[in-house]
$ cat model_22.pdb   # PDB, N, CA and C atoms
ATOM      1  N   ASP A1409     -15.610  21.596  -0.777
ATOM      2  CA  ASP A1409     -16.150  22.331  -1.907
ATOM      3  C   ASP A1409     -16.065  23.816  -1.596
ATOM      4  N   VAL A1410     -15.496  24.555  -2.483
ATOM      5  CA  VAL A1410     -15.330  25.987  -2.257
ATOM      6  C   VAL A1410     -16.367  26.817  -2.999
ATOM      7  N   GLY A1411     -17.253  26.175  -3.715
ATOM      8  CA  GLY A1411     -18.257  26.898  -4.490
ATOM      9  C   GLY A1411     -19.656  26.503  -4.075
ATOM     10  N   SER A1412     -20.545  26.502  -5.036
ATOM     11  CA  SER A1412     -21.947  26.180  -4.800
ATOM     12  C   SER A1412     -22.156  24.671  -4.784
ATOM     13  N   ALA A1413     -22.915  24.183  -3.822
ATOM     14  CA  ALA A1413     -23.226  22.752  -3.764
ATOM     15  C   ALA A1413     -24.073  22.325  -4.956
ATOM     16  N   ALA A1414     -24.732  23.266  -5.605
ATOM     17  CA  ALA A1414     -25.571  22.963  -6.761
ATOM     18  C   ALA A1414     -24.779  22.923  -8.068
ATOM     19  N   ASP A1415     -23.533  23.362  -8.065
ATOM     20  CA  ASP A1415     -22.702  23.400  -9.269
ATOM     21  C   ASP A1415     -21.767  22.199  -9.269
ATOM     22  N   ALA A1416     -21.927  21.319 -10.254
ATOM     23  CA  ALA A1416     -21.137  20.083 -10.311
ATOM     24  C   ALA A1416     -19.795  20.262 -11.012
ATOM     25  N   THR A1417     -19.340  21.511 -11.176
ATOM     26  CA  THR A1417     -18.073  21.744 -11.876
ATOM     27  C   THR A1417     -17.121  22.682 -11.143
ATOM     28  N   ASP A1418     -17.480  23.170  -9.958
ATOM     29  CA  ASP A1418     -16.667  24.210  -9.320
ATOM     30  C   ASP A1418     -15.867  23.739  -8.106
ATOM     31  N   GLY A1419     -15.710  22.433  -7.915
ATOM     32  CA  GLY A1419     -14.976  21.922  -6.760
ATOM     33  C   GLY A1419     -13.475  22.099  -6.910
ATOM     34  N   LYS A1420     -12.784  22.155  -5.782
ATOM     35  CA  LYS A1420     -11.328  22.298  -5.771
ATOM     36  C   LYS A1420     -10.738  21.501  -4.618
ATOM     37  N   LEU A1421      -9.471  21.150  -4.760
ATOM     38  CA  LEU A1421      -8.691  20.559  -3.678
ATOM     39  C   LEU A1421      -7.485  21.447  -3.428
ATOM     40  N   PHE A1422      -7.185  21.678  -2.163
ATOM     41  CA  PHE A1422      -6.012  22.455  -1.783
ATOM     42  C   PHE A1422      -5.132  21.600  -0.882
ATOM     43  N   VAL A1423      -3.825  21.649  -1.098
ATOM     44  CA  VAL A1423      -2.860  20.991  -0.226
ATOM     45  C   VAL A1423      -2.050  22.090   0.452
ATOM     46  N   LEU A1424      -1.973  22.014   1.781
ATOM     47  CA  LEU A1424      -1.183  22.964   2.565
ATOM     48  C   LEU A1424      -0.042  22.208   3.225
ATOM     49  N   ASN A1425       1.179  22.689   3.072
ATOM     50  CA  ASN A1425       2.311  22.073   3.766
ATOM     51  C   ASN A1425       2.170  22.308   5.261
ATOM     52  N   ASN A1426       2.418  21.272   6.044
ATOM     53  CA  ASN A1426       2.348  21.355   7.509
ATOM     54  C   ASN A1426       1.016  21.913   7.998
ATOM     55  N   ALA A1427      -0.073  21.460   7.401
ATOM     56  CA  ALA A1427      -1.403  21.974   7.749
ATOM     57  C   ALA A1427      -1.735  21.756   9.221
ATOM     58  N   GLY A1428      -1.226  20.698   9.811
ATOM     59  CA  GLY A1428      -1.516  20.408  11.212
ATOM     60  C   GLY A1428      -0.941  21.412  12.184
ATOM     61  N   THR A1429       0.064  22.142  11.753
ATOM     62  CA  THR A1429       0.692  23.120  12.644
ATOM     63  C   THR A1429       0.565  24.548  12.134
ATOM     64  N   SER A1430      -0.120  24.732  11.005
ATOM     65  CA  SER A1430      -0.230  26.086  10.457
ATOM     66  C   SER A1430      -1.245  26.904  11.234
ATOM     67  N   SER A1431      -1.068  28.206  11.177
ATOM     68  CA  SER A1431      -1.951  29.137  11.874
ATOM     69  C   SER A1431      -2.085  30.393  11.026
ATOM     70  N   GLY A1432      -3.297  30.915  10.906
ATOM     71  CA  GLY A1432      -3.495  32.124  10.112
ATOM     72  C   GLY A1432      -3.442  31.821   8.628
ATOM     73  N   LEU A1433      -2.984  32.774   7.849
ATOM     74  CA  LEU A1433      -2.877  32.596   6.407
ATOM     75  C   LEU A1433      -1.773  31.596   6.093
ATOM     76  N   SER A1434      -2.075  30.655   5.207
ATOM     77  CA  SER A1434      -1.102  29.628   4.824
ATOM     78  C   SER A1434      -0.981  29.581   3.312
ATOM     79  N   ASN A1435       0.200  29.266   2.839
ATOM     80  CA  ASN A1435       0.414  29.128   1.404
ATOM     81  C   ASN A1435      -0.127  27.797   0.921
ATOM     82  N   VAL A1436      -0.767  27.818  -0.226
ATOM     83  CA  VAL A1436      -1.272  26.605  -0.865
ATOM     84  C   VAL A1436      -0.145  26.028  -1.707
ATOM     85  N   SER A1437       0.230  24.763  -1.451
ATOM     86  CA  SER A1437       1.310  24.151  -2.219
ATOM     87  C   SER A1437       0.790  23.452  -3.471
ATOM     88  N   VAL A1438      -0.450  22.952  -3.439
ATOM     89  CA  VAL A1438      -1.071  22.319  -4.600
ATOM     90  C   VAL A1438      -2.523  22.780  -4.660
ATOM     91  N   ASN A1439      -2.957  23.226  -5.837
ATOM     92  CA  ASN A1439      -4.330  23.664  -6.067
ATOM     93  C   ASN A1439      -4.853  22.896  -7.271
ATOM     94  N   ILE A1440      -5.787  21.985  -7.050
ATOM     95  CA  ILE A1440      -6.330  21.159  -8.121
ATOM     96  C   ILE A1440      -7.753  21.611  -8.409
ATOM     97  N   ALA A1441      -7.999  22.038  -9.645
ATOM     98  CA  ALA A1441      -9.318  22.529 -10.045
ATOM     99  C   ALA A1441      -9.431  22.494 -11.563
ATOM    100  N   GLY A1442     -10.655  22.408 -12.054
ATOM    101  CA  GLY A1442     -10.896  22.440 -13.492
ATOM    102  C   GLY A1442     -11.750  21.279 -13.947
ATOM    103  N   THR A1443     -12.129  21.282 -15.201
ATOM    104  CA  THR A1443     -13.059  20.279 -15.722
ATOM    105  C   THR A1443     -12.486  18.865 -15.720
ATOM    106  N   ALA A1444     -11.197  18.697 -15.970
ATOM    107  CA  ALA A1444     -10.602  17.354 -15.995
ATOM    108  C   ALA A1444     -10.608  16.696 -14.620
ATOM    109  N   THR A1445     -10.662  17.491 -13.556
ATOM    110  CA  THR A1445     -10.635  16.936 -12.200
ATOM    111  C   THR A1445     -11.924  16.220 -11.835
ATOM    112  N   MET A1446     -13.027  16.579 -12.482
ATOM    113  CA  MET A1446     -14.367  16.054 -12.165
ATOM    114  C   MET A1446     -14.808  16.432 -10.751
ATOM    115  N   LEU A1447     -14.219  17.473 -10.189
ATOM    116  CA  LEU A1447     -14.586  17.931  -8.850
ATOM    117  C   LEU A1447     -15.725  18.938  -8.950
ATOM    118  N   GLY A1448     -16.815  18.637  -8.280
ATOM    119  CA  GLY A1448     -17.950  19.546  -8.239
ATOM    120  C   GLY A1448     -18.381  19.810  -6.818
ATOM    121  N   ASN A1449     -18.528  18.740  -6.064
ATOM    122  CA  ASN A1449     -18.943  18.851  -4.670
ATOM    123  C   ASN A1449     -18.222  17.783  -3.852
ATOM    124  N   PRO A1450     -16.894  17.932  -3.668
ATOM    125  CA  PRO A1450     -16.168  16.961  -2.849
ATOM    126  C   PRO A1450     -16.599  17.098  -1.389
ATOM    127  N   VAL A1451     -17.124  16.016  -0.823
ATOM    128  CA  VAL A1451     -17.706  16.083   0.520
ATOM    129  C   VAL A1451     -16.861  15.404   1.591
ATOM    130  N   ASP A1452     -15.887  14.578   1.204
ATOM    131  CA  ASP A1452     -15.044  13.907   2.195
ATOM    132  C   ASP A1452     -13.742  13.491   1.528
ATOM    133  N   ILE A1453     -12.689  13.410   2.329
ATOM    134  CA  ILE A1453     -11.393  12.938   1.842
ATOM    135  C   ILE A1453     -10.805  11.958   2.846
ATOM    136  N   MET A1454      -9.905  11.115   2.360
ATOM    137  CA  MET A1454      -9.140  10.199   3.199
ATOM    138  C   MET A1454      -7.741  10.131   2.606
ATOM    139  N   PHE A1455      -6.730  10.418   3.422
ATOM    140  CA  PHE A1455      -5.342  10.433   2.968
ATOM    141  C   PHE A1455      -4.611   9.247   3.552
ATOM    142  N   THR A1456      -3.933   8.476   2.704
ATOM    143  CA  THR A1456      -3.226   7.279   3.153
ATOM    144  C   THR A1456      -1.738   7.516   3.362
ATOM    145  N   GLY A1457      -1.275   8.721   3.151
ATOM    146  CA  GLY A1457       0.148   9.012   3.214
ATOM    147  C   GLY A1457       0.741   9.156   1.834
ATOM    148  N   ASN A1458       0.065   8.629   0.834
ATOM    149  CA  ASN A1458       0.480   8.770  -0.558
ATOM    150  C   ASN A1458      -0.710   9.119  -1.447
ATOM    151  N   HIS A1459      -1.794   8.384  -1.274
ATOM    152  CA  HIS A1459      -2.977   8.587  -2.105
ATOM    153  C   HIS A1459      -4.021   9.407  -1.350
ATOM    154  N   LEU A1460      -4.725  10.275  -2.079
ATOM    155  CA  LEU A1460      -5.852  11.014  -1.520
ATOM    156  C   LEU A1460      -7.115  10.492  -2.182
ATOM    157  N   PHE A1461      -8.020   9.945  -1.375
ATOM    158  CA  PHE A1461      -9.310   9.473  -1.858
ATOM    159  C   PHE A1461     -10.339  10.564  -1.603
ATOM    160  N   VAL A1462     -11.200  10.824  -2.582
ATOM    161  CA  VAL A1462     -12.173  11.910  -2.511
ATOM    162  C   VAL A1462     -13.560  11.365  -2.827
ATOM    163  N   ALA A1463     -14.522  11.636  -1.935
ATOM    164  CA  ALA A1463     -15.930  11.345  -2.221
ATOM    165  C   ALA A1463     -16.491  12.559  -2.944
ATOM    166  N   GLU A1464     -16.810  12.407  -4.206
ATOM    167  CA  GLU A1464     -17.322  13.484  -5.058
ATOM    168  C   GLU A1464     -18.816  13.247  -5.288
ATOM    169  N   LYS A1465     -19.626  13.929  -4.497
ATOM    170  CA  LYS A1465     -21.067  13.671  -4.465
ATOM    171  C   LYS A1465     -21.789  14.061  -5.753
ATOM    172  N   SER A1466     -21.572  15.256  -6.250
ATOM    173  CA  SER A1466     -22.323  15.741  -7.417
ATOM    174  C   SER A1466     -22.105  14.891  -8.662
ATOM    175  N   ASN A1467     -20.901  14.408  -8.854
ATOM    176  CA  ASN A1467     -20.587  13.629 -10.049
ATOM    177  C   ASN A1467     -20.599  12.123  -9.801
ATOM    178  N   GLY A1468     -20.999  11.705  -8.594
ATOM    179  CA  GLY A1468     -21.158  10.285  -8.298
ATOM    180  C   GLY A1468     -19.884   9.477  -8.415
ATOM    181  N   LEU A1469     -18.799   9.970  -7.816
ATOM    182  CA  LEU A1469     -17.510   9.291  -7.933
ATOM    183  C   LEU A1469     -16.791   9.211  -6.597
ATOM    184  N   VAL A1470     -15.997   8.170  -6.442
ATOM    185  CA  VAL A1470     -14.933   8.141  -5.442
ATOM    186  C   VAL A1470     -13.654   8.103  -6.259
ATOM    187  N   MET A1471     -12.797   9.087  -6.022
ATOM    188  CA  MET A1471     -11.608   9.257  -6.845
ATOM    189  C   MET A1471     -10.343   9.089  -6.020
ATOM    190  N   ARG A1472      -9.275   8.670  -6.695
ATOM    191  CA  ARG A1472      -7.971   8.563  -6.046
ATOM    192  C   ARG A1472      -6.967   9.421  -6.809
ATOM    193  N   PHE A1473      -6.350  10.347  -6.081
ATOM    194  CA  PHE A1473      -5.264  11.165  -6.618
ATOM    195  C   PHE A1473      -3.972  10.636  -6.011
ATOM    196  N   ASP A1474      -3.064  10.143  -6.851
ATOM    197  CA  ASP A1474      -1.809   9.552  -6.384
ATOM    198  C   ASP A1474      -0.751  10.621  -6.130
ATOM    199  N   ASN A1475       0.084  10.369  -5.114
ATOM    200  CA  ASN A1475       1.228  11.223  -4.794
ATOM    201  C   ASN A1475       0.822  12.697  -4.717
ATOM    202  N   ILE A1476      -0.271  12.954  -4.021
ATOM    203  CA  ILE A1476      -0.884  14.284  -3.981
ATOM    204  C   ILE A1476       0.050  15.353  -3.421
ATOM    205  N   LEU A1477       0.927  14.997  -2.504
ATOM    206  CA  LEU A1477       1.815  15.997  -1.903
ATOM    207  C   LEU A1477       2.828  16.552  -2.893
ATOM    208  N   ASN A1478       3.157  15.763  -3.914
ATOM    209  CA  ASN A1478       4.120  16.195  -4.927
ATOM    210  C   ASN A1478       3.474  16.436  -6.283
ATOM    211  N   SER A1479       2.169  16.540  -6.288
ATOM    212  CA  SER A1479       1.423  16.724  -7.526
ATOM    213  C   SER A1479       1.565  18.152  -8.036
ATOM    214  N   PRO A1480       1.524  18.329  -9.353
ATOM    215  CA  PRO A1480       1.481  19.702  -9.866
ATOM    216  C   PRO A1480       0.088  20.292  -9.634
ATOM    217  N   SER A1481       0.004  21.580  -9.537
ATOM    218  CA  SER A1481      -1.300  22.236  -9.468
ATOM    219  C   SER A1481      -1.918  22.251 -10.859
ATOM    220  N   GLY A1482      -3.225  22.456 -10.913
ATOM    221  CA  GLY A1482      -3.870  22.627 -12.206
ATOM    222  C   GLY A1482      -5.061  21.724 -12.401
ATOM    223  N   ASP A1483      -5.418  21.578 -13.649
ATOM    224  CA  ASP A1483      -6.586  20.817 -14.066
ATOM    225  C   ASP A1483      -6.150  19.389 -14.368
ATOM    226  N   ILE A1484      -5.966  18.586 -13.312
ATOM    227  CA  ILE A1484      -5.478  17.217 -13.495
ATOM    228  C   ILE A1484      -6.568  16.220 -13.124
ATOM    229  N   ALA A1485      -6.645  15.164 -13.888
ATOM    230  CA  ALA A1485      -7.626  14.111 -13.631
ATOM    231  C   ALA A1485      -7.141  13.205 -12.508
ATOM    232  N   ALA A1486      -8.091  12.586 -11.825
ATOM    233  CA  ALA A1486      -7.757  11.589 -10.809
ATOM    234  C   ALA A1486      -7.059  10.412 -11.482
ATOM    235  N   ASN A1487      -6.195   9.733 -10.742
ATOM    236  CA  ASN A1487      -5.517   8.563 -11.277
ATOM    237  C   ASN A1487      -6.447   7.368 -11.403
ATOM    238  N   LEU A1488      -7.495   7.344 -10.565
ATOM    239  CA  LEU A1488      -8.453   6.245 -10.560
ATOM    240  C   LEU A1488      -9.792   6.780 -10.089
ATOM    241  N   SER A1489     -10.883   6.315 -10.703
ATOM    242  CA  SER A1489     -12.225   6.744 -10.299
ATOM    243  C   SER A1489     -13.166   5.552 -10.284
ATOM    244  N   TYR A1490     -14.069   5.539  -9.309
ATOM    245  CA  TYR A1490     -15.108   4.524  -9.206
ATOM    246  C   TYR A1490     -16.453   5.227  -9.154
ATOM    247  N   SER A1491     -17.441   4.720  -9.873
ATOM    248  CA  SER A1491     -18.778   5.310  -9.860
ATOM    249  C   SER A1491     -19.584   4.798  -8.679
ATOM    250  N   PHE A1492     -20.214   5.725  -7.962
ATOM    251  CA  PHE A1492     -21.124   5.429  -6.859
ATOM    252  C   PHE A1492     -22.254   6.448  -6.923
ATOM    253  N   THR A1493     -23.389   6.120  -6.354
ATOM    254  CA  THR A1493     -24.497   7.060  -6.300
ATOM    255  C   THR A1493     -24.307   7.998  -5.119
ATOM    256  N   ALA A1494     -24.021   9.257  -5.395
ATOM    257  CA  ALA A1494     -23.900  10.327  -4.394
ATOM    258  C   ALA A1494     -23.125   9.912  -3.142
ATOM    259  N   PRO A1495     -21.842   9.530  -3.273
ATOM    260  CA  PRO A1495     -21.084   9.126  -2.079
ATOM    261  C   PRO A1495     -20.960  10.278  -1.087
ATOM    262  N   GLU A1496     -21.075   9.951   0.184
ATOM    263  CA  GLU A1496     -21.008  10.951   1.260
ATOM    264  C   GLU A1496     -19.684  10.920   2.019
ATOM    265  N   SER A1497     -18.982   9.769   1.980
ATOM    266  CA  SER A1497     -17.750   9.659   2.751
ATOM    267  C   SER A1497     -16.877   8.554   2.166
ATOM    268  N   VAL A1498     -15.627   8.540   2.587
ATOM    269  CA  VAL A1498     -14.702   7.480   2.215
ATOM    270  C   VAL A1498     -13.990   7.002   3.472
ATOM    271  N   ALA A1499     -13.654   5.729   3.500
ATOM    272  CA  ALA A1499     -12.886   5.145   4.601
ATOM    273  C   ALA A1499     -11.971   4.086   4.000
ATOM    274  N   ILE A1500     -10.763   4.040   4.460
ATOM    275  CA  ILE A1500      -9.789   3.066   3.984
ATOM    276  C   ILE A1500      -9.613   2.015   5.067
ATOM    277  N   LEU A1501      -9.869   0.769   4.710
ATOM    278  CA  LEU A1501      -9.723  -0.328   5.664
ATOM    279  C   LEU A1501      -8.296  -0.847   5.653
ATOM    280  N   PRO A1502      -7.779  -1.233   6.810
ATOM    281  CA  PRO A1502      -6.442  -1.832   6.832
ATOM    282  C   PRO A1502      -6.441  -3.149   6.064
ATOM    283  N   THR A1503      -5.305  -3.499   5.491
ATOM    284  CA  THR A1503      -5.226  -4.695   4.657
ATOM    285  C   THR A1503      -5.569  -5.962   5.423
ATOM    286  N   TRP A1504      -5.317  -6.011   6.720
ATOM    287  CA  TRP A1504      -5.617  -7.223   7.480
ATOM    288  C   TRP A1504      -7.124  -7.467   7.581
ATOM    289  N   LEU A1505      -7.950  -6.463   7.343
ATOM    290  CA  LEU A1505      -9.404  -6.661   7.335
ATOM    291  C   LEU A1505      -9.916  -7.157   5.993
ATOM    292  N   ASN A1506      -9.113  -7.046   4.959
ATOM    293  CA  ASN A1506      -9.531  -7.419   3.606
ATOM    294  C   ASN A1506      -9.144  -8.851   3.266
ATOM    295  N   ARG A1507      -9.375  -9.755   4.164
ATOM    296  CA  ARG A1507      -9.008 -11.158   3.915
ATOM    297  C   ARG A1507     -10.177 -11.956   3.452
TER
END
$ encode --input "model_22.pdb" --output "structure tokens"
Amino acid sequence: DVGSAADATDGKLFVLNNAGTSSGLSNVSVNIAGTATMLGNPVDIMFTGNHLFVAEKSNGLVMRFDNILNSPSGDIAANLSYSFTAPESVAILPTWLNR
């Protein structure tokens, strides 16, 4: 969350190319923000290599943004959302555990 924790509308997501090796100022390749995103207080993320899962505490959602690395910037809605009461984190279980 780049804004106030009390504001349920000011959250943003930033994607940086090669973030693991970047140093100093880095260019943002994707900037997701706006009312359609439902981002207010994103508190945790989990990246699967294609999908980005976001725990959005203020709006009570766990959201999935598909193909985030190639996503356009702007006010885009999540591809999938699940309602939860004030989620604090997300974790993706391997498929072999989901039997």
$ atom_distance --input "model_22.pdb" --atom1 "CA of Asn1467 in chain A" --atom2 "atom C of Val1498 in chain A"
16.4 Å
$ select_by_dssp --input "model_22.pdb" --residues "chain A" --states "helix (DSSP H, G or I)" --output "VMD selection string"
chain A and resid 1443 to 1445 1476 to 1478 1503 to 1505
$ select_by_dssp --input "model_22.pdb" --residues "chain A" --states "strand (DSSP E)" --output "ChimeraX atom specification"
/A:1420-1424,1436-1441,1450-1455,1460-1464,1469-1473,1488-1491
$ atom_distance --input "model_22.pdb" --atom1 "CA of Ala1485 in chain A" --atom2 "atom N of Gly1448 in chain A"
11.6 Å
$ atom_distance --input "model_22.pdb" --atom1 "atom N of Asn1475 in chain A" --atom2 "CA of Val1423 in chain A"
12.1 Å
$ resolve_selection --input "model_22.pdb" --expression "the PyMOL selection byres (((chain A and resi 1414 and name CA) around 12) and name CA)" --output "PyMOL selection string"
chain A and resi 1409-1413+1415-1419+1448-1450+1465-1467
$ write_last_selection --input "model_22.pdb" --atoms "N, CA and C atoms" --output "tab-separated table (two decimals), keeping the file's coordinate frame"
chain	number	residue	atom	x	y	z
A	1409	ASP	N	-15.61	21.60	-0.78
A	1409	ASP	CA	-16.15	22.33	-1.91
A	1409	ASP	C	-16.07	23.82	-1.60
A	1410	VAL	N	-15.50	24.56	-2.48
A	1410	VAL	CA	-15.33	25.99	-2.26
A	1410	VAL	C	-16.37	26.82	-3.00
A	1411	GLY	N	-17.25	26.18	-3.72
A	1411	GLY	CA	-18.26	26.90	-4.49
A	1411	GLY	C	-19.66	26.50	-4.08
A	1412	SER	N	-20.54	26.50	-5.04
A	1412	SER	CA	-21.95	26.18	-4.80
A	1412	SER	C	-22.16	24.67	-4.78
A	1413	ALA	N	-22.92	24.18	-3.82
A	1413	ALA	CA	-23.23	22.75	-3.76
A	1413	ALA	C	-24.07	22.32	-4.96
A	1415	ASP	N	-23.53	23.36	-8.06
A	1415	ASP	CA	-22.70	23.40	-9.27
A	1415	ASP	C	-21.77	22.20	-9.27
A	1416	ALA	N	-21.93	21.32	-10.25
A	1416	ALA	CA	-21.14	20.08	-10.31
A	1416	ALA	C	-19.80	20.26	-11.01
A	1417	THR	N	-19.34	21.51	-11.18
A	1417	THR	CA	-18.07	21.74	-11.88
A	1417	THR	C	-17.12	22.68	-11.14
A	1418	ASP	N	-17.48	23.17	-9.96
A	1418	ASP	CA	-16.67	24.21	-9.32
A	1418	ASP	C	-15.87	23.74	-8.11
A	1419	GLY	N	-15.71	22.43	-7.92
A	1419	GLY	CA	-14.98	21.92	-6.76
A	1419	GLY	C	-13.48	22.10	-6.91
A	1448	GLY	N	-16.82	18.64	-8.28
A	1448	GLY	CA	-17.95	19.55	-8.24
A	1448	GLY	C	-18.38	19.81	-6.82
A	1449	ASN	N	-18.53	18.74	-6.06
A	1449	ASN	CA	-18.94	18.85	-4.67
A	1449	ASN	C	-18.22	17.78	-3.85
A	1450	PRO	N	-16.89	17.93	-3.67
A	1450	PRO	CA	-16.17	16.96	-2.85
A	1450	PRO	C	-16.60	17.10	-1.39
A	1465	LYS	N	-19.63	13.93	-4.50
A	1465	LYS	CA	-21.07	13.67	-4.46
A	1465	LYS	C	-21.79	14.06	-5.75
A	1466	SER	N	-21.57	15.26	-6.25
A	1466	SER	CA	-22.32	15.74	-7.42
A	1466	SER	C	-22.10	14.89	-8.66
A	1467	ASN	N	-20.90	14.41	-8.85
A	1467	ASN	CA	-20.59	13.63	-10.05
A	1467	ASN	C	-20.60	12.12	-9.80
$ closest_residue --input "model_22.pdb" --among "A:Ser1497, A:Thr1503, A:Asn1487, A:Asn1426" --to "Ile1453 in chain A" --atoms "only N, CA and C atoms"
A:Ser1497
$ axis_aligned_box --input "model_22.pdb" --around "range 1413-1419 of chain A" --padding-each-side "6 Å" --output "lines of an AutoDock Vina configuration file"
center_x = -19.5
center_y = 22.1
center_z = -7.8
size_x = 24.1
size_y = 16.1
size_z = 20.1
$ resolve_selection --input "model_22.pdb" --expression "the PyMOL selection byres ((chain A and resi 1425) around 6.5)" --output "ChimeraX atom specification"
/A:1423-1424,1426-1428,1435-1437
$ closest_residue --input "model_22.pdb" --among "A:Gly1442, A:Gly1432, A:Pro1495, A:Pro1480" --to "Val1462 in chain A" --atoms "only C-alpha atoms"
A:Pro1495
$ resolve_selection --input "model_22.pdb" --expression "the PyMOL selection byres ((chain A and resi 1469) around 5)" --output "PyMOL selection string"
chain A and resi 1463-1464+1467-1468+1470-1471+1490-1492
$ residues_around --input "model_22.pdb" --residues "Ala1441 in chain A" --least-positions-apart "6" --cutoff "9 Å" --atoms "only C-alpha atoms" --output "list in words"
Thr1417, Asp1418, Gly1419, Lys1420, Leu1421, Phe1422, Leu1447, Ser1481, Gly1482, Asp1483 and Ile1484 of chain A
$ residues_around --input "model_22.pdb" --residues "range 1455-1459 of chain A" --least-positions-apart "5" --cutoff "9 Å" --atoms "only C-alpha atoms" --output "short mmCIF file (atom, residue, chain, number, x, y, z; two decimals) with N, CA and C atoms, keeping the file's coordinate frame"
data_model
loop_
_atom_site.label_atom_id
_atom_site.label_comp_id
_atom_site.auth_asym_id
_atom_site.auth_seq_id
_atom_site.Cartn_x
_atom_site.Cartn_y
_atom_site.Cartn_z
N ARG A 1472 -9.28 8.67 -6.70
CA ARG A 1472 -7.97 8.56 -6.05
C ARG A 1472 -6.97 9.42 -6.81
N PHE A 1473 -6.35 10.35 -6.08
CA PHE A 1473 -5.26 11.16 -6.62
C PHE A 1473 -3.97 10.64 -6.01
N ASP A 1474 -3.06 10.14 -6.85
CA ASP A 1474 -1.81 9.55 -6.38
C ASP A 1474 -0.75 10.62 -6.13
N ASN A 1475 0.08 10.37 -5.11
CA ASN A 1475 1.23 11.22 -4.79
C ASN A 1475 0.82 12.70 -4.72
N ILE A 1476 -0.27 12.95 -4.02
CA ILE A 1476 -0.88 14.28 -3.98
C ILE A 1476 0.05 15.35 -3.42
N LEU A 1477 0.93 15.00 -2.50
CA LEU A 1477 1.82 16.00 -1.90
C LEU A 1477 2.83 16.55 -2.89
N ILE A 1500 -10.76 4.04 4.46
CA ILE A 1500 -9.79 3.07 3.98
C ILE A 1500 -9.61 2.02 5.07
#
